[in-house]
Every structure is written in C-alpha cells, then in structure tokens.
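Take a look at the structure below.
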Amino acid sequence: MTNSIAEMEEADAFIVIGSNTSETHPVISTFVKRAVARRGADLVVIDPRRIPLVEHAAVWLRQRPGTDLAVINGLMHVILRENLAYEAFIQERCENFEALRAILASYTPEKVEAISCVAAEDLVKAALLYGKAGSAMILYTMGITQHTNGTDNVKALANLAMLTGQVGRRAAGVNPLRGQNNVQGGCDMGALPNVLPGYQVVIDAAVREKFEALWKMPLSPQVGLTLTEMLPGAMEGKIKGLFILGENPAVSDADSAHVKKALESLDFLVVQDIFLTETARLADVVLPAACFAEKDGTFTNTERRVQRVRKAVDPPGKARADWEILTDLAGRMGLGWQYDGPEAIFREIAACTPSYAGITYDRLQKESLQWPCTHAEHPGTPFLHKERFARGRGLFFPVEHEEPYELPEGDYPLILTTGRILYQYHTRTMTGRCSGLNDLASQARVELNPADAQALSIANRELARLTTRRGSIVVQVKVTDRVGPGVVFMPFHFAEAAANVLTVTALDPIAKIPEFKVCAVRVEKTA
Amino acid sequence: MSKFSMNGREISFEAGRTILQVATEHSVEIPTLCHLQDADHAQVCRICVVEVAGSDRLLPACATPANEGMEIHTDTLRVREARKTVLEMLVASGQHTCFAWNRPRETWSEAHRRSAQRPWHDRNCPADGECRLQELIVEYGVDTEHLVPQDMDFPLDDDTPLMVRDFSRCILCGRCVAACNVVQVNEAIPQPFGRREDKPLPRGWFPLADYERCVHCGECVQACPVGALFEKKAFGLIGPGEGDRIRTTCPYCGVGCQMWLHVKDGRVLKVTGVEGAVPNEGRLCVKGRFGYDFIHAPDRLTVPLVRENGVLREAGWEEALELVAERFLRLREAHGGDCLGGLSSARVTNEENYLMQKLVRAGFGTNNIDHCARL
Ligand code: SF4
Ligand code: SF4
Ligand code: SF4
C-alpha cells in the first residue's frame, strides 16, 4: 500500500474495486465504513457482486466480470471531460499524459456501458465523486489482479490516481490490499524470481556482487521462474526438485488437476508445513514446522508495517521453526550458516535491505515501523511518493480494454468468478480446523442469481454440477442476488469442491497471475 | 491552552475536550462503565459524575466540556455517594452472583441456588476478576452480602457457535451497541428501543444481535464491561488473570492486527485485540479472534516423514534432512541449479522468507524462487 490504514478514516472518497474488503480484510473495512458513517466520505464500489460494502456505498458499479479496465478508463474519460484532472500535478510530476488522453477519448460512458453493463449515469456519478474529492483512496485486491490483463488493470488505477493528483499525500493513494498476512514481507525479502531482498534486481551485477560478498557464494545472473512457470517446467522435466514452504498449490492454484500432475512428475519434492496438506501428500519428504504462535520473528503487513511475531507456546512433537529447519538444512548443504535466532537473521536483513536498514528488534519492542526506514533515527514512512515517484516522474501508461481469455458461449453460457469468504482462509488448512468458523461456513456454496436458478430449475441448497472446459464439480447452490444474472461465484477455499479445478491457467503476461476471476461455465441440476 | 483546577491541582488543556478526556490525559482516574472512546459513546451509566464549583448538580465528566477556570473535584464524599447509589442499582438489577461464588455455598440464598441452575451459570461468571462493575463495587464499598440475584426471565442467546449473550448480567451500558454499530460499523445490534423485539423484555430492551447482519467479529464481547457477553470456546478454560498474555501479529490476512494470545498450560485458549495499538486499534475479525484452534489441532505434523516404497513413513530429523540435502545436491550436480526451485510462503516470517530465498539462491544456485500468493 502507498498509504496507511489509519489514513483511511481521513479520506473524503474511496474507490473499492475488485476487493470484497469486509470479508477479506475485515478490519480495514471498518476504517472505510467509519469514514463513510462518521465523516460522510463517499464510497464508490466497483464489483460484479453485491458485496457487503455496497450497503455503505454512494455508488455501486456492477461491471460484467473482466471489464474493469473499461470502467476505469471510463472514469478517467469523464474526469477529463469535466475538467477535473489536476493539471499542475500532471505537468510537474508526470509524463506521457498526451498518450493517455488520446486513448481515453473513445471511452465515453456510452461505450463503457456497452462493454461493461455499467449504466452511463452511474459511471459519471462515480467519476464526479472521485474527481472532486479533496483526498481519495483506491483500494483493490485480487479482483483486479487475477485476470489475464491484471497488470494493465493496476496501471489503469495508477493512471486514474495520477490524473487527479490523488497520490503522495495523506489519505490519497493507490492501495493493493495484501491477501495473506506476510505476502508483503515475502516479496520484500526477495521470495521472487527477479529480485533479491529489498527489490534489488538480480540482473544488476553490482547488486549481485554485494550479495555474493555477504553470502560468500556465487549467484546466478539469470531471472528465475515464477511458480506458474515452474509447474509446466516440472511437466517438461526441466524442473526436477522443488522445495515448498508452507503452501498448498495443489488446492490454491488455477487448474489444480494440472498442478498435481506437475508435482507428481518431479524427481524430488520436499514440503515443509504444519499439516499434511494435499500438496504435502505428494512429497518425498515432509518436514514438520512450527506455526506462528510457536516462534519469534516479524511479519510485514499490507501498509509496509514491520511487526513482531512472538512465541507463545512450544511446537508440537518434534516440529521446529522454519528458520531452524532451513538453517540446519543449509549447514548440511555446506553453506555453514550461523544464526542463533530470528534476531540475528533480521540483523542480516537490515544490513542488505536498504528499506529495512533502520529497523531493529529493539525498536520493534517499542513501536512498529513502516518501511522505508533507512537509518536508526528514521521514523518510518506512513505514505509513499510524497515528493516524487520511485522512478522520478510518474509515467502514464495508456492501456486498452481487452476481453477476458475465456468468454461465455454455447455449452458454457455463464461466467464463473472465484474469491474468498469471511469465515475461511485460503485452502482452509488453518480455519478448517477451527470450531465455530467451520460451523459458520463448513462447505462450499456456489452463488447463483435467482433468475438463472429459475431458468435452470435449481432451488436454494440443492446440488448442482459446474462444468468448465477443464473440469467439473458438484456443489451446493446458494440462490442470491449477490451475483448478477449470468454470473456464478464460488469460494476457492474448499478442497473437496475446489473451485480451482475449474479455473483457467491463462496468465497475465507480466505478473504471471492466473485468471481466477473469469471463466466460462455450465451449471446443471444434478439428479 | 486553557486552565482549570482538578482536585486542587492546576491543569492546562486544549479547548474542545471533555472533563473526562482531560482527566485521563493527566492520570486522574474517573471511573466509567459506558464510555467507549473509539465510538464517542458516553452518558449512559452516570458513574463518572464530578463536582463542579457553581453547579448544584453533579455533572457527568464524559459529557461536560472542560472550560477555562473550572474548579472540579472528582472524588468528594458527595461524588462517591452518588456513584455508590448507581452501583447499588446496577448490581441489584441482574444476576451478579460473583460475590456469592466467592463465598462458601452454605451462605447462598435460595435465589442464588436457583440462579446457578441457569445455563452458563453452573460456575462463576466468566468476567470474575476483570469485571469493571465488580471492581467498582468493591472500591465503593457497596454491600454485596445481602445482594439477591434478580429472578427474571432474562433473554439468553447461545444459539450461535462462538458467543453467548447472557442478559441476566447486562447493565445496559450500550458499549456493545456502540462497538458493533460505530467501531466495526456492522450495525447488527439495533439501537435502544429499536425493532426486532418479538416479545416484551424485562426492563423493555436488551441489546440483542441480529444474526442476519452479525459477522461474529466479537467486538461486542471485547467491549462488554461485565460478564453479559462472553466467548463460548474459552468458557471455563481460562479465567481472568490466569495464564500469560503474549502480544503477536494475526496469522491471517494482510492487515496484521495486533493481538494478545491468552495462554494457559501451554495452550492458546483465547485471543483479544490489543487496544490502542496500530493498525487495528483493538479491533479483530472473526478469523483473528476465533481462528486459533488449528494451533493445537490433533493432526498437526509432529515428525518428519520420508517416502519409502510409495508411502510416507516417520523419520528422524537427521535422516530426513540428510536425505533432502543429498538429493538436492545430487540434482544440482547432475543438471545444474536451474533444475531446482523453491516456493516460499506468505505465512512464514520475514526471517524465514529471507532464509528460503537465500537457500535457493546460494544453496541451489538458481533464482527459481517464488511464493504462492502473487498479491
Ligand atoms: S459479533 Fe460483531 S457483528 Fe456480531 S453483534 Fe458483536 S460486534 Fe456486532
Ligand atoms: S451486553 Fe454488556 S456491553 Fe452490552 S449493554 Fe449489556 S453490559 Fe453493556
Ligand atoms: S484479525 Fe482479521 S482483519 Fe485482522 S489481520 Fe487477522 S484476519 Fe485480518
């Protein structure tokens, strides 16, 4: 996130797009709702589903799934037309504006309505709310990124914020909400194929030299493979050994049948986790790890805040903390690491990661710090891009709407979209074992609009078969107008009715994120 | 800056604050039962009354603006008597039986015995030891010896899996209402005298929850100053003041809520939000507050497993890690580092993510490192 959570209570307007915030980031949603209820902030929700936040919204744009980009471009078209663009900001801090203006010309509200089914007048209303706000925040999640054009969607949101100067200030910015608790930290730490800790790129020889000196090992100059490339790599025999830490791709990844096959074709698979997950069952060696309550360390939240994790209880049996296992293994592989605990590891992180340089466990005992925090007296950074963007001037990146990879047609007449629900988390390895949470939502239910339910003669709570070009599952139906006609929604948490058996593996060409959000599906009543 | 005198002490303060706020800032304790800062909720319980020179009536500190030159006394005999009267009323209004539970059973009245027959009353109140009402009753010397529990048809709601609403102990402070409607903005507890009551309730109104809207976040439970709202799973397992409280960060979503793990006998038995701390200001959601059972799930992995003849069998660490090291090294030698890869996790710590990518880069000799959640 470029802003902080606390700033949300100060914003005058919000665009929440592709984020069912009250179910995926419930506590963040309280800040948004409080801004609306107590300060009269204007909330624009852009989502194909009637998510709970819609109730608090001044305007709700229900776009056809996969048409976000058209809607965002439409908002910008109206903002330009109404002279709500922030000219001074654009001139002083951005470039390539003319190219953006050129592309936006055709995104009239009428054209956008034709593409997205969002009523032209609602689009205008939303654009005016955002365009006229003193400070406005954009919040988004997977609903924006899990598309074949996810990277473009994100660029379009950045365009929208720069166009109106809604960046680089308190309560103004573009904020991706991180889904899992330490995705931010994982990325910061360089668990990515192209960057080392602190987003220092691996293809930069100077960067590599620094790490080679620190780690006393030669480093590969080549960008590595993403998860979504490693799996096909395994099928082709290019990837032979894989080490999976605390993840369950056999359920969570698009087209899970495919993932299983890929994992099975490896020569050697090691899975380190707290449970024998669907993925761990495929492993050659399974290593038992400690969970968050059984170890010390830090997590970095979605607003870049580094916070302590503290050991409260002992791990069960012979399970050990992940850092201990990794250190032990590294020793056996001849790396000779010497860490007596997480704090020693953190000191090394601070030494090689400029944005973490000023953070120490001592400081974290008294406060939590938002990176960049570059030296011992640095107070941390609540919001980014204050005086300048990371690259200097903000670059407008004109992007055009493209239809999703798979559209409803013929035998597959409906659109399937997937997401999360409040009471479960990810593939349920944790929440599925919590009494209470499971009582509140123990099984997958697919949401179906009353009109479609009637046409298919399927009643609430009946079973239905969902079939896509990749697979088929049987699941209970929830008839609800939370989804619009022609759209069905399925939570992805449940292994026994894994939505990801159905979804497409088509990838966004840059971010390599699969298209979870849109595919074509057939729904049938089961006998 | 303005000035006034409080208990003879001169205090300066910024305009626009209440007497209660100024007092709190200067560590002068004025008791409250209903006040909930995060929701501007106040003016229900009248425990916070103070004497202000020039006013005949006692004034509620929570609702009286601090003014230049005021002369305030927060702890006079008159103030204490007034508070005591309110406390006597409150404690007599329901089934506040903790005082009896802390005495030998022989001393119990018939009404106490009947009270102990009610569901969830077979043991002492779950708030015993950290109840705001109990504390004040002791502090103000309210007579509890002759206290008889009210025998009324109080509503009890224990139909949902996580929380119990036992209105026999409700003091109608309204904190749960404010917590739900204003702090979390779930609007699941109708305001006083609102709709929804299908049958007439004793004393007219209780803060019943509307389960069409409730999201089971437990904010109301955390806000309840007495034992009217409590958690089902922790009931009877961990009492106030028992065990340890360890501060940590929520393992679920990216908000990173700060939470207390309440631990007894090596088990996490309850979770509460850390009040007054960023980023969550004490708030939690249903997963953070109630999603802790997995820690002690019986099917946690406890020993390394190694595949032999197609099946996973138990192994020691030595055997398992030697095997892993040897196989990875052999593959690297035979096919080069790029035939290996690692997937790190959004659920392990920064330190562990760092080590994982270091292992892959320095040990495997490849940049094939990624994690499973690309957002
Ligand atoms: S659990 Fe949460 S939503 Fe439900 S009544 Fe309490 S505060 Fe409201
Ligand atoms: S249930 Fe608790 S918080 Fe709610 S009004 Fe009663 S005493 Fe107050
Ligand atoms: S308590 Fe809920 S909102 Fe807070 S971090 Fe945990 S899952 Fe997220």
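Ordering of the structure tokens sets the chain letters (A, B, ...); residue numbers start at 1 within each chain; ligands are numbered from 1 in the order shown.
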### Task
Identify, on the basis of only C-alpha atoms, every residue whose closest approach to segment 269-277 of chain A does not exceed 9 Å; exclude the query and any residue fewer than 6 positions from it along the same chain; express the result as a ChimeraX atom specification.
/A:240-248,250,263,283-291,319,322,429-430 /B:295,299-302,324
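With the cut-off set to 7 Å and only C-alpha atoms and all ligand atoms counted, the residues surrounding ligand 2 are Arg165, Phe167, Arg169, Cys170, Ile171, Leu172, Cys173, Gly174, Arg175, Cys176, Val177, Pro207, Cys220, Ala223, Cys224, Pro225, Val226, Gly227, Ala228 and Leu229 of chain B.
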Restrict the calculation to only C-alpha atoms and all ligand atoms, then for each residue of chain A with any atom at most 12 Å from an atom of ligand 1 give the closest atom pair and their distance in Å to one decimal, rows by chain and rising residue number, as a Markdown table.
```
| residue | atom | partner | partner_atom_place_in_ligand_line | distance |
| --- | --- | --- | --- | --- |
| A:Ser22 | CA | ligand 1 | 3 (S) | 11.4 |
| A:Pro26 | CA | ligand 1 | 2 (Fe) | 10.9 |
| A:Val27 | CA | ligand 1 | 2 (Fe) | 11.2 |
| A:Thr30 | CA | ligand 1 | 3 (S) | 11.1 |
```
For the selection just defined, write its residues with all heavy atoms to a file, as a compact mmCIF listing (two decimals), in the first residue's frame.
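In the end it all went to out11.txt:
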```
# COMPACT_ATOMS: atom_id res chain seq x y z
N SER A 22 -14.78 -6.27 3.28
CA SER A 22 -15.32 -6.67 4.59
C SER A 22 -15.17 -8.16 4.85
O SER A 22 -15.28 -8.59 5.98
CB SER A 22 -16.75 -6.22 4.78
OG SER A 22 -17.37 -5.93 3.58
N PRO A 26 -11.30 -7.65 6.91
CA PRO A 26 -12.43 -7.10 7.68
C PRO A 26 -12.08 -5.86 8.49
O PRO A 26 -12.86 -4.90 8.52
CB PRO A 26 -12.83 -8.26 8.59
CG PRO A 26 -12.33 -9.48 7.89
CD PRO A 26 -11.08 -9.07 7.20
N VAL A 27 -10.93 -5.85 9.11
CA VAL A 27 -10.63 -4.70 9.97
C VAL A 27 -10.35 -3.45 9.14
O VAL A 27 -10.70 -2.34 9.53
CB VAL A 27 -9.51 -5.04 10.98
CG1 VAL A 27 -9.00 -3.78 11.68
CG2 VAL A 27 -10.02 -6.04 12.01
N THR A 30 -13.53 -1.72 8.43
CA THR A 30 -14.11 -0.89 9.49
C THR A 30 -13.64 0.55 9.35
O THR A 30 -14.39 1.48 9.62
CB THR A 30 -13.77 -1.40 10.92
OG1 THR A 30 -12.36 -1.26 11.16
CG2 THR A 30 -14.17 -2.86 11.11
```
#### Entry: Exercise answer, 9 Å around ligand 3 with only C-alpha atoms and all ligand atoms, as number ranges by chain
A: 22-29, 179-181, 301, 422, 425; B: 217, 249-259, 273, 279-280, 283-291
Limited to N, CA, C and O atoms, could you put the picked residues into a file as a short mmCIF file (atom, residue, chain, number, x, y, z; two decimals), in the first residue's frame?
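Below is the file result-v4.cif, written as the result:
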```cif
data_model
loop_
_atom_site.label_atom_id
_atom_site.label_comp_id
_atom_site.auth_asym_id
_atom_site.auth_seq_id
_atom_site.Cartn_x
_atom_site.Cartn_y
_atom_site.Cartn_z
N SER A 22 -14.78 -6.27 3.28
CA SER A 22 -15.32 -6.67 4.59
C SER A 22 -15.17 -8.16 4.85
O SER A 22 -15.28 -8.59 5.98
N GLU A 23 -14.91 -8.96 3.82
CA GLU A 23 -14.68 -10.38 4.07
C GLU A 23 -13.20 -10.75 4.00
O GLU A 23 -12.76 -11.66 4.69
N THR A 24 -12.44 -10.05 3.16
CA THR A 24 -11.03 -10.44 3.02
C THR A 24 -10.11 -9.64 3.94
O THR A 24 -9.08 -10.15 4.36
N HIS A 25 -10.47 -8.40 4.22
CA HIS A 25 -9.67 -7.55 5.12
C HIS A 25 -10.64 -6.85 6.06
O HIS A 25 -10.79 -5.63 6.02
N PRO A 26 -11.30 -7.65 6.91
CA PRO A 26 -12.43 -7.10 7.68
C PRO A 26 -12.08 -5.86 8.49
O PRO A 26 -12.86 -4.90 8.52
N VAL A 27 -10.93 -5.85 9.11
CA VAL A 27 -10.63 -4.70 9.97
C VAL A 27 -10.35 -3.45 9.14
O VAL A 27 -10.70 -2.34 9.53
N ILE A 28 -9.78 -3.61 7.95
CA ILE A 28 -9.62 -2.45 7.08
C ILE A 28 -10.99 -1.90 6.68
O ILE A 28 -11.20 -0.70 6.63
N SER A 29 -11.93 -2.81 6.45
CA SER A 29 -13.26 -2.32 6.06
C SER A 29 -13.88 -1.47 7.16
O SER A 29 -14.64 -0.56 6.88
N GLY A 179 -3.45 -10.13 0.48
CA GLY A 179 -4.39 -11.14 0.94
C GLY A 179 -3.89 -11.94 2.12
O GLY A 179 -4.60 -12.15 3.09
N GLN A 180 -2.67 -12.39 2.06
CA GLN A 180 -2.17 -13.22 3.15
C GLN A 180 -1.24 -12.41 4.03
O GLN A 180 -0.61 -11.46 3.58
N ASN A 181 -1.14 -12.83 5.29
CA ASN A 181 -0.57 -11.90 6.25
C ASN A 181 0.83 -11.45 5.92
O ASN A 181 1.18 -10.31 6.17
N ASN A 301 2.97 -6.05 7.29
CA ASN A 301 1.57 -6.03 6.86
C ASN A 301 1.40 -5.26 5.56
O ASN A 301 2.36 -4.77 4.97
N LEU A 422 -15.72 -14.76 4.35
CA LEU A 422 -15.27 -14.26 5.65
C LEU A 422 -14.73 -15.34 6.58
O LEU A 422 -13.74 -15.17 7.24
N TYR A 425 -10.19 -19.23 5.27
CA TYR A 425 -8.97 -18.57 4.84
C TYR A 425 -8.20 -19.50 3.91
O TYR A 425 -7.92 -20.64 4.27
N CYS B 217 -17.63 -10.99 14.75
CA CYS B 217 -16.28 -10.43 14.98
C CYS B 217 -15.92 -10.41 16.45
O CYS B 217 -14.75 -10.31 16.80
N THR B 249 1.18 -10.92 16.11
CA THR B 249 0.52 -10.40 14.92
C THR B 249 -0.36 -11.49 14.33
O THR B 249 0.07 -12.65 14.25
N CYS B 250 -1.55 -11.14 13.91
CA CYS B 250 -2.51 -12.12 13.39
C CYS B 250 -1.93 -12.90 12.21
O CYS B 250 -1.29 -12.33 11.33
N PRO B 251 -2.15 -14.21 12.17
CA PRO B 251 -1.58 -15.03 11.09
C PRO B 251 -2.42 -15.04 9.82
O PRO B 251 -2.04 -15.69 8.86
N TYR B 252 -3.54 -14.37 9.79
CA TYR B 252 -4.41 -14.50 8.61
C TYR B 252 -4.15 -13.42 7.55
O TYR B 252 -3.19 -13.53 6.82
N CYS B 253 -4.96 -12.39 7.48
CA CYS B 253 -4.85 -11.51 6.31
C CYS B 253 -3.77 -10.46 6.49
O CYS B 253 -3.12 -10.36 7.52
N GLY B 254 -3.59 -9.65 5.47
CA GLY B 254 -2.51 -8.68 5.44
C GLY B 254 -2.70 -7.44 6.30
O GLY B 254 -1.85 -6.56 6.30
N VAL B 255 -3.82 -7.34 7.03
CA VAL B 255 -3.98 -6.19 7.91
C VAL B 255 -2.93 -6.23 9.02
O VAL B 255 -2.42 -5.21 9.46
N GLY B 256 -2.62 -7.44 9.47
CA GLY B 256 -1.60 -7.57 10.52
C GLY B 256 -2.07 -7.07 11.87
O GLY B 256 -1.34 -6.38 12.59
N CYS B 257 -3.29 -7.41 12.24
CA CYS B 257 -3.85 -6.95 13.51
C CYS B 257 -2.98 -7.41 14.68
O CYS B 257 -2.48 -8.53 14.70
N GLN B 258 -2.86 -6.52 15.66
CA GLN B 258 -2.12 -6.84 16.87
C GLN B 258 -3.05 -7.52 17.86
O GLN B 258 -4.15 -7.03 18.13
N MET B 259 -2.62 -8.66 18.36
CA MET B 259 -3.49 -9.45 19.21
C MET B 259 -2.75 -10.00 20.42
O MET B 259 -1.54 -10.17 20.40
N GLY B 273 -7.99 -8.37 20.99
CA GLY B 273 -7.30 -7.31 20.27
C GLY B 273 -6.52 -6.43 21.22
O GLY B 273 -6.94 -6.21 22.35
N PRO B 279 -2.11 -1.52 13.86
CA PRO B 279 -3.03 -0.82 12.97
C PRO B 279 -4.50 -0.99 13.32
O PRO B 279 -5.33 -0.28 12.78
N ASN B 280 -4.83 -1.90 14.22
CA ASN B 280 -6.24 -2.28 14.35
C ASN B 280 -6.98 -1.63 15.50
O ASN B 280 -8.19 -1.79 15.61
N ARG B 283 -9.43 -3.73 17.33
CA ARG B 283 -10.44 -4.49 16.59
C ARG B 283 -9.84 -5.78 16.02
O ARG B 283 -8.67 -5.82 15.66
N LEU B 284 -10.67 -6.79 15.92
CA LEU B 284 -10.28 -8.03 15.24
C LEU B 284 -11.48 -8.48 14.41
O LEU B 284 -12.58 -7.98 14.59
N CYS B 285 -11.25 -9.43 13.52
CA CYS B 285 -12.38 -10.03 12.81
C CYS B 285 -12.55 -11.45 13.32
O CYS B 285 -11.80 -11.93 14.17
N VAL B 286 -13.53 -12.14 12.78
CA VAL B 286 -13.87 -13.47 13.28
C VAL B 286 -12.70 -14.44 13.16
O VAL B 286 -12.46 -15.26 14.04
N LYS B 287 -11.90 -14.32 12.09
CA LYS B 287 -10.77 -15.25 11.92
C LYS B 287 -9.70 -14.98 12.96
O LYS B 287 -9.18 -15.89 13.61
N GLY B 288 -9.33 -13.70 13.10
CA GLY B 288 -8.28 -13.36 14.05
C GLY B 288 -8.67 -13.73 15.48
O GLY B 288 -7.87 -14.25 16.24
N ARG B 289 -9.92 -13.46 15.83
CA ARG B 289 -10.33 -13.68 17.22
C ARG B 289 -10.62 -15.13 17.53
O ARG B 289 -10.33 -15.62 18.61
N PHE B 290 -11.20 -15.83 16.58
CA PHE B 290 -11.67 -17.18 16.90
C PHE B 290 -10.93 -18.28 16.13
O PHE B 290 -11.21 -19.46 16.31
N GLY B 291 -10.00 -17.90 15.27
CA GLY B 291 -9.37 -18.90 14.41
C GLY B 291 -8.08 -19.44 14.98
O GLY B 291 -7.08 -19.53 14.25
#
```
### Query
Which of segment 95-343 of chain A counts as helix (DSSP H, G or I) under DSSP, as an MDAnalysis selection string please?
chainID A and resid 97:104 109:116 120:132 142:145 150:163 183:188 197:199 205:215 227:235 249:252 256:264 280:282 292:294 322:332 342:343
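Reported to one decimal place, the separation of atom CA of Glu400 of chain A from atom CA of Val488 of chain A is 26.0 Å.
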### Those in segment 65-240 of chain A with strand (DSSP E) from DSSP, as a PyMOL selection string
chain A and resi 94-95+136-140+173-176+195-196+200-201
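The spacing separating atom CA of Gly317 of chain A from atom CA of Leu266 of chain A amounts to 29.3 Å.
The residue set within 12 Å of Arg57 of chain B, counting only C-alpha atoms and dropping same-chain residues fewer than 6 places from it, reads B:Val49, B:Val50, B:Glu51, B:Arg78, B:Val79, B:Ala82.
Across the model, the gap from atom CA of Gly419 of chain A to atom CA of His493 of chain A is 8.4 Å.
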Excluding same-chain residues fewer than 4 positions from Val32 of chain A, what lies within 8 Å of it counting only C-alpha atoms, as a PDB file with C-alpha atoms, in the first residue's frame?
```pdb
ATOM      1  CA  MET A   8      -8.494   5.738   5.732  1.00  0.00           C
ATOM      2  CA  GLU A   9     -10.572   7.423   8.380  1.00  0.00           C
ATOM      3  CA  PHE A  14     -12.862   5.827  -1.865  1.00  0.00           C
ATOM      4  CA  ILE A  28      -9.616  -2.445   7.079  1.00  0.00           C
ATOM      5  CA  VAL A  36     -18.451   6.930   5.475  1.00  0.00           C
TER       6      VAL A  36
END
```
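Compared by their closest atoms to Asp293 of chain B, and using only C-alpha atoms, the residues A:Thr468, A:Arg461, A:Ala293, A:Ile115 rank with A:Ala293 nearest.
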Could you name the residues that touch Arg247 of chain B at 8 Å or less, counting only C-alpha atoms, but leaving out those on the same chain fewer than 4 positions away, as an mmCIF file with C-alpha atoms, in the first residue's frame?
```cif
data_model
loop_
_atom_site.group_PDB
_atom_site.id
_atom_site.type_symbol
_atom_site.label_atom_id
_atom_site.label_comp_id
_atom_site.auth_asym_id
_atom_site.auth_seq_id
_atom_site.Cartn_x
_atom_site.Cartn_y
_atom_site.Cartn_z
ATOM 1 C CA VAL A 309 5.607 -12.252 15.969
ATOM 2 C CA ARG A 310 6.234 -13.767 19.387
ATOM 3 C CA GLN B 258 -2.119 -6.840 16.875
ATOM 4 C CA MET B 259 -3.493 -9.446 19.215
ATOM 5 C CA TRP B 260 -2.996 -10.950 22.633
ATOM 6 C CA LEU B 261 -2.705 -14.694 22.805
ATOM 7 C CA VAL B 274 -4.570 -5.009 21.591
#
```
